[in-house]
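This report refers to the structure that appears directly beneath it.
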Amino acid sequence: MNKKIQTNAVDDTSFHWRRIVLKVGSALIAPDNNGCSSRYLLGIAEFIIKCRMRGVQVVLVSSGSVAAGAHAFNTEKERSIAVKKAMAAKGQMDMMASWDRLFDFPIAQLLLTQGDLQDHDRYHSIRETAFELLNNDILPVVNENDAVTSDEMKVGDNDNLSAMIAAAVDADCLIICSDVNGLYTDNPNTNPHAELLKQVEHIDSKIFDMAGGPDSSVGTGGMRTKLEAAEKATSNGIMTYIVNGLHTSSFNKLFEGKNPGTEFLPSKKPLDNRKHWITHTSKAKGEVIVRNDVADKITDDNVDFDHNDIVNVVGNFATGDTILVRTEKGTKLAKAASQHSSCVLNLVLKERIDESAIENSDDENTIIEENSLAILEKK
Ligand code: GLU
């Protein structure tokens, strides 16, 4: 296949986004688990081209490295992590080559891991690179660097990755292509009465209950990870769609400003970038467990507690690492950068305190940095 897609100029005005992130899953890249196929990519590529012609910037988050590389390996038995990483190394090239064949403008590969997103300097470096590519009309194609990641430092699914990327590149719209039409009230494969939800205003536990478990035989994610992604993106003020990427009609509708699947409305009170990063991108390296009554001292932007309220410290973290603050009952109160390492907090806790450890820091009673505190919905 060596086919560049031609598209006539478009004059429709209802597709009004400034910058979109489009997530394409393994089931669309390598639908038969036997290398890349252009079956679904042609329609998606045409949509990307039309967006760019309209002046809408596009960042593509493309899965499929493992699925595209699998056919080159002789593995009858269960695949080990090492084999999957090798498949990703092989398939990533094939997947990029497939996309490249479909466009007559340059594309670029951005491979990253949770470790990169977690580190503030590297996070900003990713942003810088993405903006530079976009400013030069180059299509960034993002994937997790599966060949080098360990489970600990992995995002793990490209639904969540696409939402983190959407936040990182200041997108105003995230489109997640699925192999179903959107979010149903129940599993449409087993319940004939399941209905497609056209619009979701707020993602709560009832919405998550509709998703069930992981359901894709090719990729990693299912409806649950798509909802996690929608939650991440909408809380940053990003409109999110889950659409059926198997049908080009989905993209035609999107382009006409219509909703072909389920749309998730952006939050009316979006988090600022720093708080969003802490809440949705940075993984907590440890936990500080506080007395239950600290839950009553939460305001919109502060959790009032000091070291006397701490009842336990879980995990190893350094000063500045992201921690989760939760009560003894398990209610998650906040995520924040810790002012002290877990070592110091453990000393405090065991009353074997070296007073100077706390006194030498900026604020002897403060456990978390106020300007990097994100209050969580109490759950
Ligand atoms: N990064 C994985 C891959 O390229 C895909 C993860 C997912 O399926 O969401 O194979």
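Ordering of the structure tokens sets the chain letters (A, B, ...), residue numbers begin anew at 1 in every chain, and ligands are numbered from 1 in the order given.
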Closest atom pairs, chain A residues within 10 Å of ligand 1, only C-alpha atoms and all ligand atoms, as JSON lines:
```
{"residue": "A:Lys23", "atom": "CA", "partner": "ligand 1", "partner_atom_place_in_ligand_line": "9 (O)", "distance": 9.3}
{"residue": "A:Val24", "atom": "CA", "partner": "ligand 1", "partner_atom_place_in_ligand_line": "9 (O)", "distance": 8.8}
{"residue": "A:Gly25", "atom": "CA", "partner": "ligand 1", "partner_atom_place_in_ligand_line": "8 (O)", "distance": 5.9}
{"residue": "A:Ser26", "atom": "CA", "partner": "ligand 1", "partner_atom_place_in_ligand_line": "8 (O)", "distance": 5.6}
{"residue": "A:Ala27", "atom": "CA", "partner": "ligand 1", "partner_atom_place_in_ligand_line": "8 (O)", "distance": 8.3}
{"residue": "A:Ile29", "atom": "CA", "partner": "ligand 1", "partner_atom_place_in_ligand_line": "4 (O)", "distance": 9.6}
{"residue": "A:Ala30", "atom": "CA", "partner": "ligand 1", "partner_atom_place_in_ligand_line": "10 (O)", "distance": 9.8}
{"residue": "A:Val61", "atom": "CA", "partner": "ligand 1", "partner_atom_place_in_ligand_line": "1 (N)", "distance": 9.3}
{"residue": "A:Ser62", "atom": "CA", "partner": "ligand 1", "partner_atom_place_in_ligand_line": "4 (O)", "distance": 6.8}
{"residue": "A:Ser63", "atom": "CA", "partner": "ligand 1", "partner_atom_place_in_ligand_line": "4 (O)", "distance": 3.7}
{"residue": "A:Gly64", "atom": "CA", "partner": "ligand 1", "partner_atom_place_in_ligand_line": "4 (O)", "distance": 4.0}
{"residue": "A:Ser65", "atom": "CA", "partner": "ligand 1", "partner_atom_place_in_ligand_line": "4 (O)", "distance": 3.8}
{"residue": "A:Val66", "atom": "CA", "partner": "ligand 1", "partner_atom_place_in_ligand_line": "10 (O)", "distance": 4.0}
{"residue": "A:Ala67", "atom": "CA", "partner": "ligand 1", "partner_atom_place_in_ligand_line": "10 (O)", "distance": 5.8}
{"residue": "A:Ala68", "atom": "CA", "partner": "ligand 1", "partner_atom_place_in_ligand_line": "10 (O)", "distance": 7.7}
{"residue": "A:Gly69", "atom": "CA", "partner": "ligand 1", "partner_atom_place_in_ligand_line": "10 (O)", "distance": 8.7}
{"residue": "A:Ala70", "atom": "CA", "partner": "ligand 1", "partner_atom_place_in_ligand_line": "10 (O)", "distance": 9.7}
{"residue": "A:Lys84", "atom": "CA", "partner": "ligand 1", "partner_atom_place_in_ligand_line": "10 (O)", "distance": 8.7}
{"residue": "A:Lys85", "atom": "CA", "partner": "ligand 1", "partner_atom_place_in_ligand_line": "10 (O)", "distance": 9.2}
{"residue": "A:Met87", "atom": "CA", "partner": "ligand 1", "partner_atom_place_in_ligand_line": "10 (O)", "distance": 8.6}
{"residue": "A:Ala88", "atom": "CA", "partner": "ligand 1", "partner_atom_place_in_ligand_line": "10 (O)", "distance": 6.2}
{"residue": "A:Ala89", "atom": "CA", "partner": "ligand 1", "partner_atom_place_in_ligand_line": "4 (O)", "distance": 9.5}
{"residue": "A:Gly91", "atom": "CA", "partner": "ligand 1", "partner_atom_place_in_ligand_line": "4 (O)", "distance": 8.0}
{"residue": "A:Gln92", "atom": "CA", "partner": "ligand 1", "partner_atom_place_in_ligand_line": "4 (O)", "distance": 7.0}
{"residue": "A:Met95", "atom": "CA", "partner": "ligand 1", "partner_atom_place_in_ligand_line": "4 (O)", "distance": 8.8}
{"residue": "A:Leu111", "atom": "CA", "partner": "ligand 1", "partner_atom_place_in_ligand_line": "1 (N)", "distance": 9.5}
{"residue": "A:Leu112", "atom": "CA", "partner": "ligand 1", "partner_atom_place_in_ligand_line": "1 (N)", "distance": 9.8}
{"residue": "A:Thr113", "atom": "CA", "partner": "ligand 1", "partner_atom_place_in_ligand_line": "1 (N)", "distance": 9.7}
{"residue": "A:Val142", "atom": "CA", "partner": "ligand 1", "partner_atom_place_in_ligand_line": "1 (N)", "distance": 9.3}
{"residue": "A:Asn143", "atom": "CA", "partner": "ligand 1", "partner_atom_place_in_ligand_line": "1 (N)", "distance": 5.6}
{"residue": "A:Glu144", "atom": "CA", "partner": "ligand 1", "partner_atom_place_in_ligand_line": "1 (N)", "distance": 4.8}
{"residue": "A:Asn145", "atom": "CA", "partner": "ligand 1", "partner_atom_place_in_ligand_line": "1 (N)", "distance": 7.0}
{"residue": "A:Asp146", "atom": "CA", "partner": "ligand 1", "partner_atom_place_in_ligand_line": "1 (N)", "distance": 5.9}
{"residue": "A:Ala147", "atom": "CA", "partner": "ligand 1", "partner_atom_place_in_ligand_line": "1 (N)", "distance": 9.3}
{"residue": "A:Lys154", "atom": "CA", "partner": "ligand 1", "partner_atom_place_in_ligand_line": "1 (N)", "distance": 9.5}
{"residue": "A:Val155", "atom": "CA", "partner": "ligand 1", "partner_atom_place_in_ligand_line": "6 (C)", "distance": 8.7}
{"residue": "A:Gly156", "atom": "CA", "partner": "ligand 1", "partner_atom_place_in_ligand_line": "6 (C)", "distance": 6.2}
{"residue": "A:Asp157", "atom": "CA", "partner": "ligand 1", "partner_atom_place_in_ligand_line": "9 (O)", "distance": 3.5}
{"residue": "A:Asn158", "atom": "CA", "partner": "ligand 1", "partner_atom_place_in_ligand_line": "9 (O)", "distance": 3.7}
{"residue": "A:Asp159", "atom": "CA", "partner": "ligand 1", "partner_atom_place_in_ligand_line": "9 (O)", "distance": 5.8}
{"residue": "A:Asn160", "atom": "CA", "partner": "ligand 1", "partner_atom_place_in_ligand_line": "9 (O)", "distance": 8.1}
{"residue": "A:Leu161", "atom": "CA", "partner": "ligand 1", "partner_atom_place_in_ligand_line": "9 (O)", "distance": 8.1}
{"residue": "A:Ser162", "atom": "CA", "partner": "ligand 1", "partner_atom_place_in_ligand_line": "9 (O)", "distance": 9.3}
{"residue": "A:Ser216", "atom": "CA", "partner": "ligand 1", "partner_atom_place_in_ligand_line": "8 (O)", "distance": 8.4}
{"residue": "A:Ser217", "atom": "CA", "partner": "ligand 1", "partner_atom_place_in_ligand_line": "8 (O)", "distance": 9.6}
{"residue": "A:Val218", "atom": "CA", "partner": "ligand 1", "partner_atom_place_in_ligand_line": "8 (O)", "distance": 7.1}
{"residue": "A:Gly219", "atom": "CA", "partner": "ligand 1", "partner_atom_place_in_ligand_line": "8 (O)", "distance": 3.4}
{"residue": "A:Thr220", "atom": "CA", "partner": "ligand 1", "partner_atom_place_in_ligand_line": "8 (O)", "distance": 3.8}
{"residue": "A:Gly221", "atom": "CA", "partner": "ligand 1", "partner_atom_place_in_ligand_line": "9 (O)", "distance": 5.0}
{"residue": "A:Gly222", "atom": "CA", "partner": "ligand 1", "partner_atom_place_in_ligand_line": "9 (O)", "distance": 8.5}
{"residue": "A:Thr225", "atom": "CA", "partner": "ligand 1", "partner_atom_place_in_ligand_line": "9 (O)", "distance": 8.6}
{"residue": "A:Lys226", "atom": "CA", "partner": "ligand 1", "partner_atom_place_in_ligand_line": "9 (O)", "distance": 9.5}
```
Any idea what's packed within 8 Å of Leu376 (chain A), counting only C-alpha atoms, ignoring anything in its chain fewer than 5 positions away? Could you give it as a VMD selection string?
chain A and resid 279 332 to 335
Please, could you write that set of residues out with all heavy atoms as a short mmCIF file (atom, residue, chain, number, x, y, z; two decimals), in the first residue's frame?
```cif
data_model
loop_
_atom_site.label_atom_id
_atom_site.label_comp_id
_atom_site.auth_asym_id
_atom_site.auth_seq_id
_atom_site.Cartn_x
_atom_site.Cartn_y
_atom_site.Cartn_z
N THR A 279 -3.31 15.71 40.25
CA THR A 279 -4.44 14.80 40.42
C THR A 279 -4.41 13.65 39.41
O THR A 279 -4.61 12.50 39.77
CB THR A 279 -5.79 15.55 40.24
OG1 THR A 279 -5.74 16.74 41.01
CG2 THR A 279 -6.97 14.71 40.66
N LYS A 332 -10.11 9.30 50.49
CA LYS A 332 -9.01 10.02 49.84
C LYS A 332 -9.28 11.51 49.90
O LYS A 332 -10.30 11.98 49.37
CB LYS A 332 -8.87 9.57 48.39
CG LYS A 332 -8.45 8.12 48.28
CD LYS A 332 -8.44 7.68 46.83
CE LYS A 332 -8.05 6.21 46.76
NZ LYS A 332 -8.22 5.64 45.41
N LEU A 333 -8.39 12.26 50.55
CA LEU A 333 -8.64 13.69 50.75
C LEU A 333 -7.93 14.56 49.73
O LEU A 333 -8.52 15.50 49.20
CB LEU A 333 -8.17 14.11 52.15
CG LEU A 333 -8.82 13.41 53.35
CD1 LEU A 333 -8.25 13.96 54.65
CD2 LEU A 333 -10.33 13.58 53.31
N ALA A 334 -6.68 14.25 49.47
CA ALA A 334 -5.91 15.16 48.60
C ALA A 334 -4.69 14.46 48.05
O ALA A 334 -4.23 13.44 48.59
CB ALA A 334 -5.48 16.39 49.39
N LYS A 335 -4.17 15.00 46.95
CA LYS A 335 -2.84 14.63 46.47
C LYS A 335 -2.02 15.91 46.51
O LYS A 335 -2.54 17.00 46.26
CB LYS A 335 -2.90 14.08 45.05
CG LYS A 335 -3.26 12.59 44.99
CD LYS A 335 -3.51 12.15 43.58
CE LYS A 335 -2.24 11.70 42.88
NZ LYS A 335 -2.51 11.32 41.47
#
```
I'd like to know which residues of region 229-292 of chain A are strand (DSSP E or B) (by DSSP, run on the backbone); could you write them as a ChimeraX atom specification?
/A:239-244,262-264,286-290
Going by DSSP on the backbone, which residues of region 79-293 of chain A come out as helix (DSSP H, G or I)? List them as a ChimeraX atom specification.
/A:81-102,114-118,120-135,151-153,158-168,205-211,223-234,248-255,273-281,292-293
Please provide as a list in words all residues within 9 Å of Gln57 (chain A), with the sequence filter that same-chain residues fewer than 5 positions apart are discarded (counting only C-alpha atoms).
Trp17, Arg18, Arg19, Ile20, Val21, Ile48, Cys51, Arg52, Leu134, Asp137, Leu139 and Ala171 of chain A
Tell me, as a list in words, which residues lie within 6 Å of region 252-261 of chain A, counting only C-alpha atoms; anything in the same chain fewer than 6 positions away does not count.
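Within the cut-off, the hits are Ser14, Phe15, Asn181, Gly182, Ile242 and Val243 of chain A.
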Generate the output file for the selected residues, C-alpha atoms, as a compact mmCIF listing (two decimals), in the first residue's frame.
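Result file result_30.txt:
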```
# COMPACT_ATOMS: atom_id res chain seq x y z
CA SER A 14 -19.38 23.62 12.71
CA PHE A 15 -16.21 21.78 13.71
CA ASN A 181 -20.60 3.29 19.54
CA GLY A 182 -19.98 4.90 22.92
CA ILE A 242 -16.08 8.20 22.72
CA VAL A 243 -16.95 7.24 19.16
```
note - CA of Met223 (chain A) and CA of Ala211 (chain A) are separated by 5.2 Å
Pick out the closest residue to Ser372 (chain A) from this set: A:Asn346, A:Asn308, A:Thr331, A:Thr322. Count only C-alpha atoms.
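Looking at the shortest contact to Ser372 (chain A), the residue is A:Thr322.
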In Å, rounded to a single decimal, give me how far CA of Gln199 (chain A) is from CA of Tyr241 (chain A).
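Taking CA of Tyr241 (chain A) as the start and CA of Gln199 (chain A) as the end point, the length is 9.2 Å.
Going from CA of Ser205 (chain A) to CA of Glu377 (chain A) covers 11.5 Å.
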Selection near Asp309 (chain A), 12 Å with only C-alpha atoms, sequence-local residues under 5 positions removed, as a PDB file with N, CA, C and O atoms, in the first residue's frame:
```pdb
ATOM      1  N   VAL A 288       0.090   9.406  53.173  1.00  0.00           N
ATOM      2  CA  VAL A 288       0.097   9.869  54.553  1.00  0.00           C
ATOM      3  C   VAL A 288      -1.317   9.659  55.085  1.00  0.00           C
ATOM      4  O   VAL A 288      -2.283  10.192  54.526  1.00  0.00           O
ATOM      5  N   ILE A 289      -1.417   8.828  56.103  1.00  0.00           N
ATOM      6  CA  ILE A 289      -2.744   8.511  56.659  1.00  0.00           C
ATOM      7  C   ILE A 289      -2.969   9.434  57.857  1.00  0.00           C
ATOM      8  O   ILE A 289      -2.123   9.516  58.754  1.00  0.00           O
ATOM      9  N   VAL A 290      -4.117  10.121  57.836  1.00  0.00           N
ATOM     10  CA  VAL A 290      -4.402  11.103  58.896  1.00  0.00           C
ATOM     11  C   VAL A 290      -5.665  10.705  59.664  1.00  0.00           C
ATOM     12  O   VAL A 290      -6.421   9.845  59.213  1.00  0.00           O
ATOM     13  N   ARG A 291      -5.858  11.359  60.806  1.00  0.00           N
ATOM     14  CA  ARG A 291      -7.055  11.074  61.624  1.00  0.00           C
ATOM     15  C   ARG A 291      -8.325  11.364  60.815  1.00  0.00           C
ATOM     16  O   ARG A 291      -8.343  12.258  59.973  1.00  0.00           O
ATOM     17  N   ASN A 292      -9.385  10.605  61.128  1.00  0.00           N
ATOM     18  CA  ASN A 292     -10.635  10.752  60.363  1.00  0.00           C
ATOM     19  C   ASN A 292     -11.188  12.169  60.398  1.00  0.00           C
ATOM     20  O   ASN A 292     -11.763  12.647  59.424  1.00  0.00           O
ATOM     21  N   ASP A 293     -10.981  12.875  61.538  1.00  0.00           N
ATOM     22  CA  ASP A 293     -11.618  14.202  61.632  1.00  0.00           C
ATOM     23  C   ASP A 293     -10.932  15.254  60.749  1.00  0.00           C
ATOM     24  O   ASP A 293     -11.464  16.342  60.549  1.00  0.00           O
ATOM     25  N   VAL A 294      -9.802  14.914  60.159  1.00  0.00           N
ATOM     26  CA  VAL A 294      -9.177  15.863  59.218  1.00  0.00           C
ATOM     27  C   VAL A 294     -10.114  16.076  58.016  1.00  0.00           C
ATOM     28  O   VAL A 294     -10.134  17.141  57.402  1.00  0.00           O
ATOM     29  N   ALA A 295     -10.935  15.038  57.710  1.00  0.00           N
ATOM     30  CA  ALA A 295     -11.875  15.148  56.583  1.00  0.00           C
ATOM     31  C   ALA A 295     -12.813  16.341  56.764  1.00  0.00           C
ATOM     32  O   ALA A 295     -13.276  16.940  55.788  1.00  0.00           O
ATOM     33  N   LYS A 297     -11.979  19.141  58.002  1.00  0.00           N
ATOM     34  CA  LYS A 297     -11.255  20.422  57.904  1.00  0.00           C
ATOM     35  C   LYS A 297     -10.909  20.777  56.457  1.00  0.00           C
ATOM     36  O   LYS A 297     -10.086  21.645  56.214  1.00  0.00           O
ATOM     37  N   VAL A 303      -6.422  21.419  52.895  1.00  0.00           N
ATOM     38  CA  VAL A 303      -6.680  20.402  53.925  1.00  0.00           C
ATOM     39  C   VAL A 303      -5.820  20.806  55.102  1.00  0.00           C
ATOM     40  O   VAL A 303      -4.602  20.893  54.991  1.00  0.00           O
ATOM     41  N   ASP A 304      -6.470  21.071  56.226  1.00  0.00           N
ATOM     42  CA  ASP A 304      -5.756  21.620  57.359  1.00  0.00           C
ATOM     43  C   ASP A 304      -5.307  20.489  58.290  1.00  0.00           C
ATOM     44  O   ASP A 304      -6.122  19.880  58.972  1.00  0.00           O
ATOM     45  N   VAL A 325      -3.066  11.846  50.492  1.00  0.00           N
ATOM     46  CA  VAL A 325      -3.454  12.013  51.897  1.00  0.00           C
ATOM     47  C   VAL A 325      -4.813  11.355  52.068  1.00  0.00           C
ATOM     48  O   VAL A 325      -5.761  11.710  51.360  1.00  0.00           O
ATOM     49  N   ARG A 326      -4.871  10.364  52.941  1.00  0.00           N
ATOM     50  CA  ARG A 326      -6.186   9.759  53.170  1.00  0.00           C
ATOM     51  C   ARG A 326      -6.408   9.503  54.656  1.00  0.00           C
ATOM     52  O   ARG A 326      -5.461   9.477  55.442  1.00  0.00           O
ATOM     53  N   THR A 327      -7.676   9.331  55.008  1.00  0.00           N
ATOM     54  CA  THR A 327      -8.004   9.144  56.420  1.00  0.00           C
ATOM     55  C   THR A 327      -7.846   7.666  56.784  1.00  0.00           C
ATOM     56  O   THR A 327      -7.737   6.808  55.907  1.00  0.00           O
ATOM     57  N   GLU A 328      -7.890   7.400  58.112  1.00  0.00           N
ATOM     58  CA  GLU A 328      -7.816   6.005  58.590  1.00  0.00           C
ATOM     59  C   GLU A 328      -8.931   5.158  57.979  1.00  0.00           C
ATOM     60  O   GLU A 328      -8.752   3.980  57.708  1.00  0.00           O
ATOM     61  N   LEU A 345       9.000  11.838  58.093  1.00  0.00           N
ATOM     62  CA  LEU A 345       7.652  11.703  58.641  1.00  0.00           C
ATOM     63  C   LEU A 345       7.542  10.465  59.534  1.00  0.00           C
ATOM     64  O   LEU A 345       6.831  10.477  60.535  1.00  0.00           O
ATOM     65  N   VAL A 348       8.937  11.429  62.839  1.00  0.00           N
ATOM     66  CA  VAL A 348       7.946  12.231  63.569  1.00  0.00           C
ATOM     67  C   VAL A 348       6.940  11.292  64.217  1.00  0.00           C
ATOM     68  O   VAL A 348       6.610  11.411  65.402  1.00  0.00           O
ATOM     69  N   LEU A 349       6.506  10.367  63.414  1.00  0.00           N
ATOM     70  CA  LEU A 349       5.462   9.450  63.848  1.00  0.00           C
ATOM     71  C   LEU A 349       5.915   8.614  65.033  1.00  0.00           C
ATOM     72  O   LEU A 349       5.165   8.358  65.973  1.00  0.00           O
ATOM     73  N   ASN A 365       5.576  22.900  60.488  1.00  0.00           N
ATOM     74  CA  ASN A 365       4.360  22.123  60.675  1.00  0.00           C
ATOM     75  C   ASN A 365       3.722  21.676  59.368  1.00  0.00           C
ATOM     76  O   ASN A 365       2.836  20.841  59.366  1.00  0.00           O
ATOM     77  N   THR A 366       4.140  22.276  58.281  1.00  0.00           N
ATOM     78  CA  THR A 366       3.468  21.982  57.027  1.00  0.00           C
ATOM     79  C   THR A 366       3.957  20.661  56.467  1.00  0.00           C
ATOM     80  O   THR A 366       5.146  20.414  56.370  1.00  0.00           O
ATOM     81  N   ILE A 367       3.022  19.820  56.107  1.00  0.00           N
ATOM     82  CA  ILE A 367       3.388  18.512  55.576  1.00  0.00           C
ATOM     83  C   ILE A 367       3.349  18.533  54.058  1.00  0.00           C
ATOM     84  O   ILE A 367       4.097  17.837  53.398  1.00  0.00           O
TER      85      ILE A 367
END
```
Neighbouring residues of Gly115 (chain A) were defined as those with any atom within 10 Å, considering only C-alpha atoms; residues of the same chain fewer than 5 positions away were excluded. Please report them as a ChimeraX atom specification.
/A:120,122-123,149-150,152-155,282-283
Those residues with all heavy atoms, as a compact mmCIF listing (two decimals), in the first residue's frame please?
```txt
# COMPACT_ATOMS: atom_id res chain seq x y z
N HIS A 120 8.47 16.61 36.59
CA HIS A 120 7.97 17.89 36.11
C HIS A 120 8.81 18.46 34.97
O HIS A 120 8.27 19.00 34.01
CB HIS A 120 7.83 18.88 37.26
CG HIS A 120 6.53 19.62 37.17
ND1 HIS A 120 6.45 20.93 36.81
CD2 HIS A 120 5.26 19.18 37.31
CE1 HIS A 120 5.18 21.29 36.76
NE2 HIS A 120 4.44 20.25 37.07
N ARG A 122 10.67 16.78 32.80
CA ARG A 122 10.46 15.98 31.58
C ARG A 122 9.07 16.26 31.01
O ARG A 122 8.87 16.27 29.79
CB ARG A 122 10.66 14.48 31.88
CG ARG A 122 12.11 14.07 31.67
CD ARG A 122 12.59 13.07 32.68
NE ARG A 122 12.06 11.74 32.48
CZ ARG A 122 12.19 10.76 33.38
NH1 ARG A 122 12.81 10.98 34.51
NH2 ARG A 122 11.71 9.58 33.14
N TYR A 123 8.10 16.48 31.89
CA TYR A 123 6.74 16.80 31.45
C TYR A 123 6.76 18.08 30.61
O TYR A 123 6.17 18.16 29.53
CB TYR A 123 5.85 16.98 32.68
CG TYR A 123 4.39 17.22 32.38
CD1 TYR A 123 3.56 16.17 32.00
CD2 TYR A 123 3.84 18.49 32.51
CE1 TYR A 123 2.21 16.39 31.74
CE2 TYR A 123 2.50 18.72 32.25
CZ TYR A 123 1.68 17.66 31.87
OH TYR A 123 0.35 17.88 31.62
N THR A 149 9.40 0.22 29.36
CA THR A 149 8.73 0.52 30.64
C THR A 149 8.66 -0.70 31.56
O THR A 149 8.60 -1.83 31.12
CB THR A 149 7.27 0.98 30.44
OG1 THR A 149 6.69 0.17 29.44
CG2 THR A 149 7.18 2.42 30.09
N SER A 150 8.67 -0.41 32.84
CA SER A 150 8.39 -1.46 33.82
C SER A 150 6.95 -1.22 34.28
O SER A 150 6.42 -0.13 34.11
CB SER A 150 9.33 -1.31 35.01
OG SER A 150 9.05 -0.10 35.66
N GLU A 152 5.74 -0.62 37.06
CA GLU A 152 5.64 0.47 38.02
C GLU A 152 5.57 1.84 37.35
O GLU A 152 4.88 2.73 37.79
CB GLU A 152 6.88 0.45 38.89
CG GLU A 152 6.63 0.61 40.35
CD GLU A 152 7.92 0.37 41.09
OE1 GLU A 152 8.64 1.35 41.27
OE2 GLU A 152 8.19 -0.79 41.44
N MET A 153 6.33 1.98 36.27
CA MET A 153 6.44 3.28 35.62
C MET A 153 5.67 3.34 34.32
O MET A 153 6.05 3.98 33.36
CB MET A 153 7.93 3.61 35.39
CG MET A 153 8.56 4.27 36.59
SD MET A 153 7.71 5.83 36.93
CE MET A 153 7.44 5.75 38.67
N LYS A 154 4.57 2.62 34.29
CA LYS A 154 3.76 2.50 33.09
C LYS A 154 2.44 3.22 33.27
O LYS A 154 1.83 3.11 34.34
CB LYS A 154 3.47 1.01 32.89
CG LYS A 154 3.55 0.54 31.49
CD LYS A 154 3.33 -0.96 31.47
CE LYS A 154 2.92 -1.28 30.07
NZ LYS A 154 3.68 -2.00 29.24
N VAL A 155 1.97 3.92 32.24
CA VAL A 155 0.59 4.40 32.29
C VAL A 155 -0.30 3.16 32.12
O VAL A 155 -1.27 2.97 32.82
CB VAL A 155 0.31 5.42 31.15
CG1 VAL A 155 -1.15 5.87 31.18
CG2 VAL A 155 1.24 6.61 31.25
N SER A 282 0.48 12.75 37.80
CA SER A 282 1.52 12.31 38.72
C SER A 282 0.99 11.18 39.62
O SER A 282 -0.06 11.33 40.25
CB SER A 282 1.93 13.52 39.58
OG SER A 282 2.91 13.13 40.47
N LYS A 283 1.69 10.05 39.64
CA LYS A 283 1.25 8.95 40.51
C LYS A 283 1.79 9.17 41.91
O LYS A 283 2.96 9.57 42.06
CB LYS A 283 1.80 7.62 39.99
CG LYS A 283 0.94 7.00 38.91
CD LYS A 283 1.35 5.56 38.66
CE LYS A 283 0.54 5.00 37.49
NZ LYS A 283 1.10 3.77 36.95
```
Within 10 Å of region 228-237 of chain A, counting only C-alpha atoms, which residues qualify if same-chain residues fewer than 2 places away don't, as a ChimeraX atom specification?
/A:157-167,170-176,200-204,208,223-226,239-242,263-273,275-277,279-281
Nearest-residue call for Tyr40 (chain A), choices A:Cys177, A:Leu110, A:Ala97, A:Ile310, using only C-alpha atoms:
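Closest to Tyr40 (chain A), using only C-alpha atoms: A:Cys177.
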